[in-house]
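Have a look at the structure below before the remarks.
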Amino acid sequence: QVQPVESGGGLVQAGGSLTLSCAASGSIFSINAMGWSRQAPGNQRELVATINSIGRTTYADSVKGRFTISRDNARNTVSLQLNSLKPEDTAVYYCYAETRAGFRSWGQGTQVTVSS
């Protein structure tokens with residue numbers, strides 16, 4: 001079992017930046033990919049960014065060029081740098097860790113609020 005724990009959310013003005021961090025504990029040897037999803041009120045959860053064990057990344061079209069995902073395998077952490085934030089980026093952001101068997105464990109989420 002892997003337990004991701006997020007930190008770093010908050011309130012920021014449009015155009016500002018935030019950094020989200022996630023630390024994984026537990027069966028960390030089994031982790032393959034890590035990533036971030038978000039969910040705004042009334043919306044479905046959206047996959048925002050992913051990074052695999054060799055650093056290959058993917059991004060949702062809505063955040064390309066503004067968000068950057070990075071990973072520290074030695075520390076079992078994944079970060080998401082959010083730049084040029086927009087009010088529509090307001091959501092609860094969830095970190096996940098995925099094992100080689102394809103099982104995903106989710107964190108509790110951290111709130112990001114972007115004011116206009």
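By convention in this document, the chains of the structure tokens carry letters A, B, ... by their order, each chain's residues are numbered from 1, and ligands are numbered from 1 in the order they are shown.
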Fill in: Exercise: Phe29 (chain A) partners within 10 Å, only C-alpha atoms, chain neighbours under 6 positions left out, as a ChimeraX atom specification
/A:2,76,99-100
Worksheet item: Could you write out, as a ChimeraX atom specification, all the residues of chain A that DSSP marks as strand (DSSP E)?
Response: /A:2-7,10-13,18-26,31-39,46-51,57-59,67-72,77-82,91-99,104-106,110-115
Discussion item. List as a VMD selection string the protein and nucleic acid residues near Gly65 (chain A), meaning an atom at most 12 Å away when only C-alpha atoms are counted, but skip any in the same chain fewer than 3 places from it.
Written reply: chain A and resid 49 58 to 62 68 to 69 81 to 85
Discussion item. Restricting the calculation to only C-alpha atoms: of A:Asn73, A:Gly55, A:Val78, A:Ser116, which residue gets closest to Trp36 (chain A)?
Written reply: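 Among A:Asn73, A:Gly55, A:Val78, A:Ser116, it is A:Val78 that comes nearest to Trp36 (chain A).
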Worksheet entry | 7 Å contact set for Tyr96 (chain A), only C-alpha atoms, chain neighbours under 2 positions out, as a VMD selection string | chain A and resid 4 34 to 36 94 98 104 to 107
Select from chain A everything DSSP, run on the backbone, classes as helix (DSSP H, G or I), then give the selection as a CSV table (one decimal) with all heavy atoms, in the first residue's frame.
chain,number,residue,atom,x,y,z
A,28,ILE,N,6.8,2.0,-1.3
A,28,ILE,CA,7.4,2.9,-2.3
A,28,ILE,C,8.2,2.2,-3.3
A,28,ILE,O,8.3,2.7,-4.5
A,28,ILE,CB,8.2,4.0,-1.6
A,28,ILE,CG1,9.3,3.4,-0.8
A,28,ILE,CG2,7.3,4.9,-0.8
A,28,ILE,CD1,10.3,4.4,-0.2
A,29,PHE,N,8.7,1.0,-3.1
A,29,PHE,CA,9.5,0.3,-4.0
A,29,PHE,C,8.6,-0.1,-5.2
A,29,PHE,O,9.1,-0.4,-6.3
A,29,PHE,CB,10.1,-1.0,-3.4
A,29,PHE,CG,9.0,-1.9,-2.8
A,29,PHE,CD1,8.5,-2.9,-3.6
A,29,PHE,CD2,8.6,-1.8,-1.5
A,29,PHE,CE1,7.6,-3.8,-3.1
A,29,PHE,CE2,7.6,-2.6,-1.0
A,29,PHE,CZ,7.1,-3.6,-1.8
A,30,SER,N,7.3,-0.1,-5.0
A,30,SER,CA,6.4,-0.6,-6.1
A,30,SER,C,5.9,0.5,-7.0
A,30,SER,O,5.1,0.3,-7.9
A,30,SER,CB,5.1,-1.3,-5.4
A,30,SER,OG,4.4,-0.4,-4.7
A,87,PRO,N,-8.6,31.7,-12.9
A,87,PRO,CA,-9.7,31.3,-12.0
A,87,PRO,C,-10.2,29.9,-12.3
A,87,PRO,O,-10.6,29.2,-11.4
A,87,PRO,CB,-10.7,32.4,-12.3
A,87,PRO,CG,-10.0,33.6,-12.7
A,87,PRO,CD,-8.8,33.0,-13.5
A,88,GLU,N,-10.2,29.5,-13.6
A,88,GLU,CA,-10.7,28.1,-13.9
A,88,GLU,C,-9.8,27.0,-13.4
A,88,GLU,O,-10.1,25.8,-13.5
A,88,GLU,CB,-10.9,28.0,-15.4
A,88,GLU,CG,-9.8,28.4,-16.3
A,88,GLU,CD,-9.9,29.8,-16.8
A,88,GLU,OE1,-10.3,30.7,-16.0
A,88,GLU,OE2,-9.6,30.1,-18.0
A,89,ASP,N,-8.6,27.3,-12.9
A,89,ASP,CA,-7.7,26.3,-12.3
A,89,ASP,C,-8.1,26.0,-10.8
A,89,ASP,O,-7.6,25.1,-10.2
A,89,ASP,CB,-6.3,26.8,-12.3
A,89,ASP,CG,-5.7,26.9,-13.7
A,89,ASP,OD1,-5.9,26.1,-14.5
A,89,ASP,OD2,-5.0,28.0,-13.9
Discussion item. For a quick check of understanding, using only C-alpha atoms, which of A:Phe103, A:Arg66, A:Ala97, A:Arg71 has the smallest distance to Gly15 (chain A)?
Written reply: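 For Gly15 (chain A), the nearest of the candidates is A:Arg66.
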Item to complete: Quick one: everything within 6 Å of Val114 (chain A), counting only C-alpha atoms, minus sequence neighbours fewer than 6 positions away in the same chain. Send it as a PyMOL selection string.
Response: chain A and resi 11-14+87+90
Store the residues picked out above, limited to C-alpha atoms, as a compact mmCIF listing (two decimals), in the first residue's frame.
# COMPACT_ATOMS: atom_id res chain seq x y z
CA LEU A 11 -5.26 31.16 -2.38
CA VAL A 12 -3.54 33.08 -5.15
CA GLN A 13 -4.49 35.86 -7.55
CA ALA A 14 -4.90 35.22 -11.24
CA PRO A 87 -9.69 31.27 -12.01
CA THR A 90 -9.57 26.52 -8.96
Worksheet item: Quick one: of A:Asp72, A:Leu18, A:Ser37, A:Arg45, who's nearest to Cys95 (chain A), counting only C-alpha atoms?
Response: A:Ser37
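The nearest approach to Thr50 (chain A) among the residues A:Ser79, A:Gln3, A:Gln111, A:Ser27, with only C-alpha atoms taken into account, belongs to A:Ser79.
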Fill in: Interatomic distance, CA of Val48 (chain A) to CA of Tyr93 (chain A) (Å, one decimal)
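Spanning CA of Val48 (chain A) to CA of Tyr93 (chain A) is a straight-line distance of 8.9 Å.
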Discussion item. For a quick check of understanding, using only C-alpha atoms, which of A:Gly10, A:Val5, A:Arg38, A:Thr110 has the smallest distance to Gly26 (chain A)?
Written reply: A:Val5
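Note that the spacing between CA of Gly9 (chain A) and CA of Ile54 (chain A) amounts to 26.4 Å.
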Worksheet item: Which residue out of A:Glu46, A:Ala101, A:Lys86, A:Gly109 has the minimum interatomic distance to Gln1 (chain A) when only C-alpha atoms are used?
Response: A:Ala101
Fill in: For CA of Val63 (chain A) and CA of Asn32 (chain A), the interatomic separation in Å (one decimal)
22.8 Å
